[in-house]
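Colleague: Dropping in coords.cif, which is mmCIF, C-alpha atoms:
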```cif
data_protein
loop_
_atom_site.group_PDB
_atom_site.id
_atom_site.type_symbol
_atom_site.label_atom_id
_atom_site.label_comp_id
_atom_site.auth_asym_id
_atom_site.auth_seq_id
_atom_site.Cartn_x
_atom_site.Cartn_y
_atom_site.Cartn_z
ATOM 1 C CA MET R 479 -56.673 -103.415 -60.017
ATOM 2 C CA LYS R 480 -59.176 -103.730 -57.189
ATOM 3 C CA ILE R 481 -58.080 -102.476 -53.786
ATOM 4 C CA THR R 482 -58.328 -105.910 -52.150
ATOM 5 C CA ARG R 483 -56.176 -107.527 -54.802
ATOM 6 C CA CYS R 484 -53.715 -104.669 -54.645
ATOM 7 C CA ALA R 485 -53.398 -104.973 -50.867
ATOM 8 C CA ALA R 486 -52.730 -108.688 -51.139
ATOM 9 C CA LEU R 487 -50.072 -108.112 -53.772
ATOM 10 C CA LEU R 488 -48.344 -105.478 -51.694
ATOM 11 C CA THR R 489 -48.339 -107.649 -48.600
ATOM 12 C CA ALA R 490 -46.506 -110.360 -50.501
ATOM 13 C CA ALA R 491 -44.260 -107.957 -52.384
ATOM 14 C CA LEU R 492 -42.259 -105.934 -49.894
ATOM 15 C CA MET R 493 -42.551 -107.630 -46.537
ATOM 16 C CA LEU R 494 -39.376 -107.762 -44.470
ATOM 17 C CA THR R 495 -39.111 -111.492 -45.042
ATOM 18 C CA GLY R 496 -36.132 -113.760 -44.563
ATOM 19 C CA CYS R 497 -33.958 -114.723 -47.518
ATOM 20 C CA GLY R 498 -31.637 -117.286 -45.997
ATOM 21 C CA LYS R 499 -28.783 -117.003 -43.506
ATOM 22 C CA SER R 500 -26.191 -115.104 -45.505
ATOM 23 C CA VAL R 501 -23.912 -112.764 -43.569
ATOM 24 C CA ALA R 502 -24.778 -109.149 -44.215
ATOM 25 C CA VAL R 503 -21.656 -107.195 -43.281
ATOM 26 C CA ILE R 504 -18.819 -108.131 -45.608
ATOM 27 C CA SER R 505 -15.344 -107.089 -44.493
ATOM 28 C CA GLY R 506 -12.344 -107.096 -46.793
ATOM 29 C CA SER R 507 -9.029 -108.655 -45.720
ATOM 30 C CA ASP R 508 -6.993 -108.262 -48.893
ATOM 31 C CA GLY R 509 -6.780 -104.491 -49.111
ATOM 32 C CA PRO R 510 -9.229 -102.103 -50.789
ATOM 33 C CA ALA R 511 -11.945 -103.827 -52.783
ATOM 34 C CA ALA R 512 -12.622 -102.959 -56.422
ATOM 35 C CA THR R 513 -15.720 -100.791 -56.747
ATOM 36 C CA GLU R 514 -18.302 -99.733 -59.290
ATOM 37 C CA ALA R 515 -19.044 -96.159 -60.404
ATOM 38 C CA PRO R 516 -20.899 -94.121 -57.763
ATOM 39 C CA VAL R 517 -24.683 -94.267 -57.456
ATOM 40 C CA ILE R 518 -26.278 -90.935 -56.534
ATOM 41 C CA ILE R 519 -29.610 -90.930 -54.694
ATOM 42 C CA THR R 520 -31.429 -87.596 -54.497
ATOM 43 C CA LEU R 521 -33.729 -87.249 -51.491
ATOM 44 C CA TYR R 522 -36.968 -85.269 -51.310
ATOM 45 C CA PRO R 523 -37.548 -84.173 -47.710
ATOM 46 C CA ASP R 524 -40.402 -81.899 -48.800
ATOM 47 C CA LYS R 525 -42.362 -85.083 -49.601
ATOM 48 C CA ALA R 526 -41.134 -87.460 -46.876
ATOM 49 C CA PRO R 527 -39.268 -85.484 -44.191
ATOM 50 C CA ILE R 528 -39.220 -88.186 -41.511
ATOM 51 C CA THR R 529 -38.033 -90.851 -43.936
ATOM 52 C CA CYS R 530 -35.319 -88.643 -45.411
ATOM 53 C CA GLU R 531 -34.033 -87.599 -41.990
ATOM 54 C CA ASN R 532 -33.883 -91.227 -40.885
ATOM 55 C CA PHE R 533 -32.029 -92.257 -44.060
ATOM 56 C CA GLU R 534 -29.585 -89.356 -43.797
ATOM 57 C CA ASN R 535 -28.841 -90.170 -40.153
ATOM 58 C CA LEU R 536 -28.163 -93.824 -40.961
ATOM 59 C CA VAL R 537 -25.897 -92.843 -43.857
ATOM 60 C CA SER R 538 -23.994 -90.316 -41.730
ATOM 61 C CA ASP R 539 -23.528 -92.945 -38.992
ATOM 62 C CA GLY R 540 -21.986 -95.381 -41.501
ATOM 63 C CA PHE R 541 -24.835 -97.824 -40.924
ATOM 64 C CA TYR R 542 -25.022 -99.012 -44.532
ATOM 65 C CA ASP R 543 -21.279 -99.510 -45.072
ATOM 66 C CA GLY R 544 -20.657 -103.199 -45.769
ATOM 67 C CA LEU R 545 -24.337 -104.158 -45.914
ATOM 68 C CA THR R 546 -25.873 -105.960 -48.871
ATOM 69 C CA PHE R 547 -28.745 -105.944 -51.316
ATOM 70 C CA HIS R 548 -30.194 -109.260 -50.201
ATOM 71 C CA ARG R 549 -33.210 -109.374 -52.544
ATOM 72 C CA VAL R 550 -33.186 -108.665 -56.289
ATOM 73 C CA ILE R 551 -36.178 -109.387 -58.538
ATOM 74 C CA ASP R 552 -36.243 -108.876 -62.313
ATOM 75 C CA GLY R 553 -38.849 -106.356 -63.410
ATOM 76 C CA PHE R 554 -39.508 -105.280 -59.836
ATOM 77 C CA MET R 555 -36.850 -104.008 -57.447
ATOM 78 C CA ALA R 556 -33.592 -104.455 -55.504
ATOM 79 C CA GLN R 557 -33.902 -104.396 -51.702
ATOM 80 C CA GLY R 558 -31.134 -103.791 -49.174
ATOM 81 C CA GLY R 559 -30.181 -102.173 -45.903
ATOM 82 C CA ASP R 560 -30.716 -105.116 -43.553
ATOM 83 C CA PRO R 561 -27.819 -105.595 -41.097
ATOM 84 C CA ASP R 562 -28.793 -109.267 -40.735
ATOM 85 C CA GLY R 563 -28.798 -109.874 -44.489
ATOM 86 C CA THR R 564 -31.948 -111.976 -44.173
ATOM 87 C CA GLY R 565 -34.672 -109.448 -44.926
ATOM 88 C CA ALA R 566 -35.993 -109.610 -41.358
ATOM 89 C CA GLY R 567 -33.670 -107.124 -39.654
ATOM 90 C CA GLY R 568 -33.281 -103.371 -39.481
ATOM 91 C CA SER R 569 -32.020 -100.448 -37.456
ATOM 92 C CA LYS R 570 -33.081 -99.939 -33.847
ATOM 93 C CA ASP R 571 -35.728 -97.285 -34.535
ATOM 94 C CA THR R 572 -38.838 -97.526 -36.682
ATOM 95 C CA ILE R 573 -40.489 -94.521 -38.312
ATOM 96 C CA LYS R 574 -43.928 -93.381 -39.415
ATOM 97 C CA GLY R 575 -44.865 -94.603 -42.876
ATOM 98 C CA GLU R 576 -45.119 -91.493 -45.024
ATOM 99 C CA PHE R 577 -47.609 -92.621 -47.661
ATOM 100 C CA THR R 578 -51.198 -91.804 -48.547
ATOM 101 C CA ALA R 579 -52.802 -94.956 -47.130
ATOM 102 C CA ASN R 580 -51.218 -94.030 -43.793
ATOM 103 C CA GLY R 581 -52.597 -90.496 -43.812
ATOM 104 C CA VAL R 582 -49.558 -88.694 -45.248
ATOM 105 C CA ASN R 583 -49.753 -86.606 -48.414
ATOM 106 C CA ASN R 584 -46.755 -87.982 -50.305
ATOM 107 C CA ASP R 585 -47.278 -87.850 -54.074
ATOM 108 C CA LEU R 586 -43.934 -89.328 -55.125
ATOM 109 C CA LEU R 587 -44.539 -92.126 -57.629
ATOM 110 C CA HIS R 588 -42.906 -95.523 -57.794
ATOM 111 C CA LYS R 589 -41.195 -95.409 -61.173
ATOM 112 C CA ARG R 590 -37.890 -96.709 -62.487
ATOM 113 C CA GLY R 591 -35.174 -95.475 -60.141
ATOM 114 C CA THR R 592 -37.490 -94.557 -57.251
ATOM 115 C CA VAL R 593 -36.103 -95.275 -53.770
ATOM 116 C CA SER R 594 -38.713 -96.311 -51.211
ATOM 117 C CA MET R 595 -38.918 -97.932 -47.768
ATOM 118 C CA ALA R 596 -39.624 -101.610 -47.166
ATOM 119 C CA ARG R 597 -41.814 -102.531 -44.212
ATOM 120 C CA THR R 598 -43.979 -105.231 -42.644
ATOM 121 C CA ASN R 599 -47.790 -105.169 -42.524
ATOM 122 C CA ASP R 600 -47.458 -102.504 -39.830
ATOM 123 C CA PRO R 601 -47.488 -99.192 -41.734
ATOM 124 C CA ASP R 602 -45.092 -97.663 -39.205
ATOM 125 C CA SER R 603 -42.516 -100.477 -39.185
ATOM 126 C CA ALA R 604 -39.910 -99.169 -41.659
ATOM 127 C CA SER R 605 -36.406 -98.694 -40.265
ATOM 128 C CA SER R 606 -33.367 -99.154 -42.510
ATOM 129 C CA GLN R 607 -34.439 -101.433 -45.369
ATOM 130 C CA PHE R 608 -35.124 -99.703 -48.666
ATOM 131 C CA PHE R 609 -35.731 -100.733 -52.256
ATOM 132 C CA ILE R 610 -34.977 -99.313 -55.693
ATOM 133 C CA CYS R 611 -37.520 -99.869 -58.471
ATOM 134 C CA TYR R 612 -36.458 -101.351 -61.798
ATOM 135 C CA THR R 613 -39.742 -100.501 -63.509
ATOM 136 C CA ASP R 614 -42.727 -98.220 -63.002
ATOM 137 C CA ARG R 615 -44.900 -99.704 -60.243
ATOM 138 C CA PRO R 616 -48.097 -97.669 -59.826
ATOM 139 C CA ASP R 617 -49.523 -100.486 -57.695
ATOM 140 C CA LEU R 618 -47.129 -99.378 -54.917
ATOM 141 C CA ASP R 619 -48.110 -95.704 -55.026
ATOM 142 C CA GLY R 620 -49.773 -94.623 -51.803
ATOM 143 C CA TYR R 621 -48.828 -97.838 -49.962
ATOM 144 C CA TYR R 622 -45.067 -97.431 -49.518
ATOM 145 C CA ALA R 623 -42.991 -94.389 -48.564
ATOM 146 C CA ALA R 624 -41.105 -93.233 -51.648
ATOM 147 C CA PHE R 625 -38.513 -90.677 -50.586
ATOM 148 C CA GLY R 626 -35.911 -90.340 -53.327
ATOM 149 C CA GLU R 627 -34.637 -91.484 -56.685
ATOM 150 C CA VAL R 628 -31.451 -92.669 -58.328
ATOM 151 C CA THR R 629 -30.336 -89.680 -60.401
ATOM 152 C CA GLU R 630 -26.911 -91.053 -61.410
ATOM 153 C CA GLY R 631 -25.624 -94.600 -61.740
ATOM 154 C CA MET R 632 -28.805 -96.577 -62.379
ATOM 155 C CA GLU R 633 -26.712 -98.754 -64.684
ATOM 156 C CA VAL R 634 -24.938 -100.056 -61.562
ATOM 157 C CA ILE R 635 -28.265 -101.031 -59.979
ATOM 158 C CA ASP R 636 -29.185 -102.755 -63.259
ATOM 159 C CA LYS R 637 -25.962 -104.742 -62.993
ATOM 160 C CA PHE R 638 -27.368 -106.476 -59.896
ATOM 161 C CA LEU R 639 -29.599 -108.392 -62.295
ATOM 162 C CA THR R 640 -26.554 -110.147 -63.767
ATOM 163 C CA VAL R 641 -25.818 -111.865 -60.457
ATOM 164 C CA LYS R 642 -27.042 -115.454 -60.200
ATOM 165 C CA ARG R 643 -29.892 -115.829 -57.723
ATOM 166 C CA ILE R 644 -31.581 -118.713 -55.975
ATOM 167 C CA GLU R 645 -34.995 -119.033 -54.379
ATOM 168 C CA GLY R 646 -35.501 -116.855 -51.333
ATOM 169 C CA ALA R 647 -38.101 -117.018 -48.582
ATOM 170 C CA ASP R 648 -40.398 -114.942 -50.805
ATOM 171 C CA GLY R 649 -40.646 -117.829 -53.283
ATOM 172 C CA ASP R 650 -38.908 -115.880 -56.066
ATOM 173 C CA ASN R 651 -35.412 -116.364 -57.425
ATOM 174 C CA SER R 652 -34.377 -113.303 -55.465
ATOM 175 C CA ARG R 653 -31.446 -114.232 -53.231
ATOM 176 C CA PRO R 654 -28.045 -113.391 -54.780
ATOM 177 C CA VAL R 655 -25.557 -116.239 -54.667
ATOM 178 C CA LYS R 656 -22.667 -113.765 -54.488
ATOM 179 C CA PRO R 657 -23.135 -110.845 -52.075
ATOM 180 C CA ILE R 658 -24.011 -107.473 -53.620
ATOM 181 C CA VAL R 659 -22.192 -105.214 -51.190
ATOM 182 C CA ILE R 660 -22.464 -101.511 -50.393
ATOM 183 C CA ASP R 661 -18.826 -100.506 -49.878
ATOM 184 C CA THR R 662 -19.686 -97.038 -48.567
ATOM 185 C CA ALA R 663 -22.708 -94.768 -48.292
ATOM 186 C CA LYS R 664 -22.076 -91.100 -47.584
ATOM 187 C CA MET R 665 -23.735 -87.719 -47.885
ATOM 188 C CA THR R 666 -22.531 -85.638 -50.807
ATOM 189 C CA ASP R 667 -23.264 -82.143 -52.127
ATOM 190 C CA PRO R 668 -26.961 -81.256 -52.524
ATOM 191 C CA ASP R 669 -28.458 -80.856 -55.985
ATOM 192 C CA PRO R 670 -29.043 -77.377 -57.513
ATOM 193 C CA GLU R 671 -32.488 -77.217 -55.847
ATOM 194 C CA GLY R 672 -30.963 -77.897 -52.430
ATOM 195 C CA ASN R 673 -32.180 -81.488 -52.141
ATOM 196 C CA PRO R 674 -29.798 -83.679 -50.107
ATOM 197 C CA ARG R 675 -27.976 -86.423 -51.965
ATOM 198 C CA VAL R 676 -26.383 -89.721 -50.978
ATOM 199 C CA GLU R 677 -23.486 -91.382 -52.768
ATOM 200 C CA LEU R 678 -23.471 -95.196 -52.732
ATOM 201 C CA THR R 679 -20.314 -96.956 -53.805
ATOM 202 C CA MET R 680 -20.880 -100.616 -54.566
ATOM 203 C CA ARG R 681 -18.166 -103.230 -54.453
ATOM 204 C CA GLU R 682 -17.410 -104.785 -57.819
ATOM 205 C CA ILE R 683 -20.426 -106.782 -58.952
ATOM 206 C CA LYS R 684 -19.551 -110.213 -60.269
ATOM 207 C CA PRO R 685 -22.112 -112.422 -62.054
#
```
Re-express the file's structure as structure tokens.
Modeller:
Amino acid sequence: MKITRCAALLTAALMLTGCGKSVAVISGSDGPAATEAPVIITLYPDKAPITCENFENLVSDGFYDGLTFHRVIDGFMAQGGDPDGTGAGGSKDTIKGEFTANGVNNDLLHKRGTVSMARTNDPDSASSQFFICYTDRPDLDGYYAAFGEVTEGMEVIDKFLTVKRIEGADGDNSRPVKPIVIDTAKMTDPDPEGNPRVELTMREIKP
């Protein structure tokens, strides 16, 4: 793929674009909600230290609890972490984009299960929105800040694809009709190599 074509594809692919006016934070009123099996995300701060620290801080602050995956595309990725639920919001602080095209030596690849940061055209605009790849996407390598991977529970992320979706602002059938909700996100024990890990618990996913 030529660089110009690649850049155009990436601009369209993971912009922080709006996906309707759905409410992002979903609160339960009928007692504890049913949940899916935990999803474990292993972080790699040796590759993307700023990104990992930002993600860990947001998790520890409870930022992601009750937020949604507002954008889900077959054969591509699931994107979440926007407090507005539209794809245009984020946390208050933005961080440096830790990827090769932005002058950072980050050799993590975008493959199935990779967790990476969404952003606008500004390379240093990422804040809280992240995406999880469904397939290998070498066209994203060097242009987006990969910082972790799903090491347990990818079958739960796959289950997002069973939810009916309608057209979003990106022009794809990407906007879930029923909210895909993060019940809790919390730090858990590090892996045997000492890499920090995050446990996501999703509310029951209903097609």
Colleague: Given the file shown, determine the residues that the PyMOL selection byres ((chain R and resi 553) around 6) selects; report them as a list in words.
Modeller: Asp552, Phe554, Tyr612 and Thr613 of chain R
Colleague: Save the residues we just selected, C-alpha atoms, as a PDB file, in the coordinates of the input?
Modeller:
```
ATOM      1  CA  ASP R 552     -36.243-108.876 -62.313  1.00  0.00           C
ATOM      2  CA  PHE R 554     -39.508-105.280 -59.836  1.00  0.00           C
ATOM      3  CA  TYR R 612     -36.458-101.351 -61.798  1.00  0.00           C
ATOM      4  CA  THR R 613     -39.742-100.501 -63.509  1.00  0.00           C
TER       5      THR R 613
END
```
Colleague: Hey, can you pull every residue with an atom no more than 8 Å from (-34.9, -114.0, -55.7), using only C-alpha atoms, and send it as a ChimeraX atom specification?
Modeller: /R:549-551,643-646,648-654
Colleague: Would you mind reading off the distance between atom CA of R:Glu682 and atom CA of R:Ala512, one decimal, in Å?
Modeller: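 These two atoms are separated by 5.3 Å.
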Colleague: Applied to the shown file, which residues does the PyMOL selection byres ((chain R and resi 557) around 8) return, written as a PyMOL selection string?
Modeller: chain R and resi 547-550+555-556+558-559+596+607-610
Colleague: Suppose a student applies the PyMOL selection byres ((chain R and resi 677) around 7) to this structure; what residues should they get, written as a PDB file with C-alpha atoms, in the frame of the given file?
Modeller:
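Generated file (result_38.pdb):
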```pdb
ATOM      1  CA  PRO R 516     -20.899 -94.121 -57.763  1.00  0.00           C
ATOM      2  CA  VAL R 517     -24.683 -94.267 -57.456  1.00  0.00           C
ATOM      3  CA  ILE R 518     -26.278 -90.935 -56.534  1.00  0.00           C
ATOM      4  CA  ILE R 519     -29.610 -90.930 -54.694  1.00  0.00           C
ATOM      5  CA  ALA R 663     -22.708 -94.768 -48.292  1.00  0.00           C
ATOM      6  CA  LYS R 664     -22.076 -91.100 -47.584  1.00  0.00           C
ATOM      7  CA  MET R 665     -23.735 -87.719 -47.885  1.00  0.00           C
ATOM      8  CA  THR R 666     -22.531 -85.638 -50.807  1.00  0.00           C
ATOM      9  CA  ARG R 675     -27.976 -86.423 -51.965  1.00  0.00           C
ATOM     10  CA  VAL R 676     -26.383 -89.721 -50.978  1.00  0.00           C
ATOM     11  CA  LEU R 678     -23.471 -95.196 -52.732  1.00  0.00           C
ATOM     12  CA  THR R 679     -20.314 -96.956 -53.805  1.00  0.00           C
TER      13      THR R 679
END
```
Colleague: Choose the residue, out of R:Pro616, R:Gly565, R:Gly591, R:Pro670, that has the smallest atom-to-atom separation from R:Gly631; count all atoms listed in the file.
Modeller: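 Using all atoms listed in the file, the shortest distance to R:Gly631 belongs to R:Gly591.
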Colleague: Report, in Å to a single decimal, how far apart atom CA of R:Gly567 and atom CA of R:Asn532 are.
Modeller: 15.9 Å
Colleague: Select, from R:Arg681, R:Lys570, R:Lys637, R:Arg590, the residue with the minimum atom-to-atom distance to R:Phe541, counting all atoms listed in the file.
Modeller: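 Ranking R:Arg681, R:Lys570, R:Lys637, R:Arg590 by distance to R:Phe541, first place goes to R:Lys570.
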Colleague: Could you pull the residues within 8 Å of R:Lys642, counting only C-alpha atoms, minus those fewer than 2 positions along the same chain, as a VMD selection string?
Modeller: chain R and resid 639 to 640 644 654 to 656 685
Colleague: Please, what distance in Å, to one decimal, runs between atom CA of R:Gly575 and atom CA of R:Thr546?
Modeller: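 If I compute the distance from atom CA of R:Gly575 to atom CA of R:Thr546, I get 22.9 Å.
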Colleague: From the list R:Ile573, R:Ala515, R:Ala624, R:Met680, which residue is nearest R:Glu531 when using all atoms listed in the file?
Modeller: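 Closest residue, counting all atoms listed in the file: R:Ile573.
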Colleague: Do you know which residues are at most 10 Å from R:Gly672 counting only C-alpha atoms, after dropping those on the same chain fewer than 3 positions away, and could you put them as a list in words?
Modeller: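 The neighbour list is Thr520, Leu521, Tyr522, Asp667, Pro668, Asp669 and Arg675 of chain R.
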Colleague: Here is a test: counting only C-alpha atoms, which residue of R:Lys589, R:Ala647, R:Val659, R:Thr578 is nearest to R:Asp614?
Modeller: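 With only C-alpha atoms as the atom set, the closest residue is R:Lys589.
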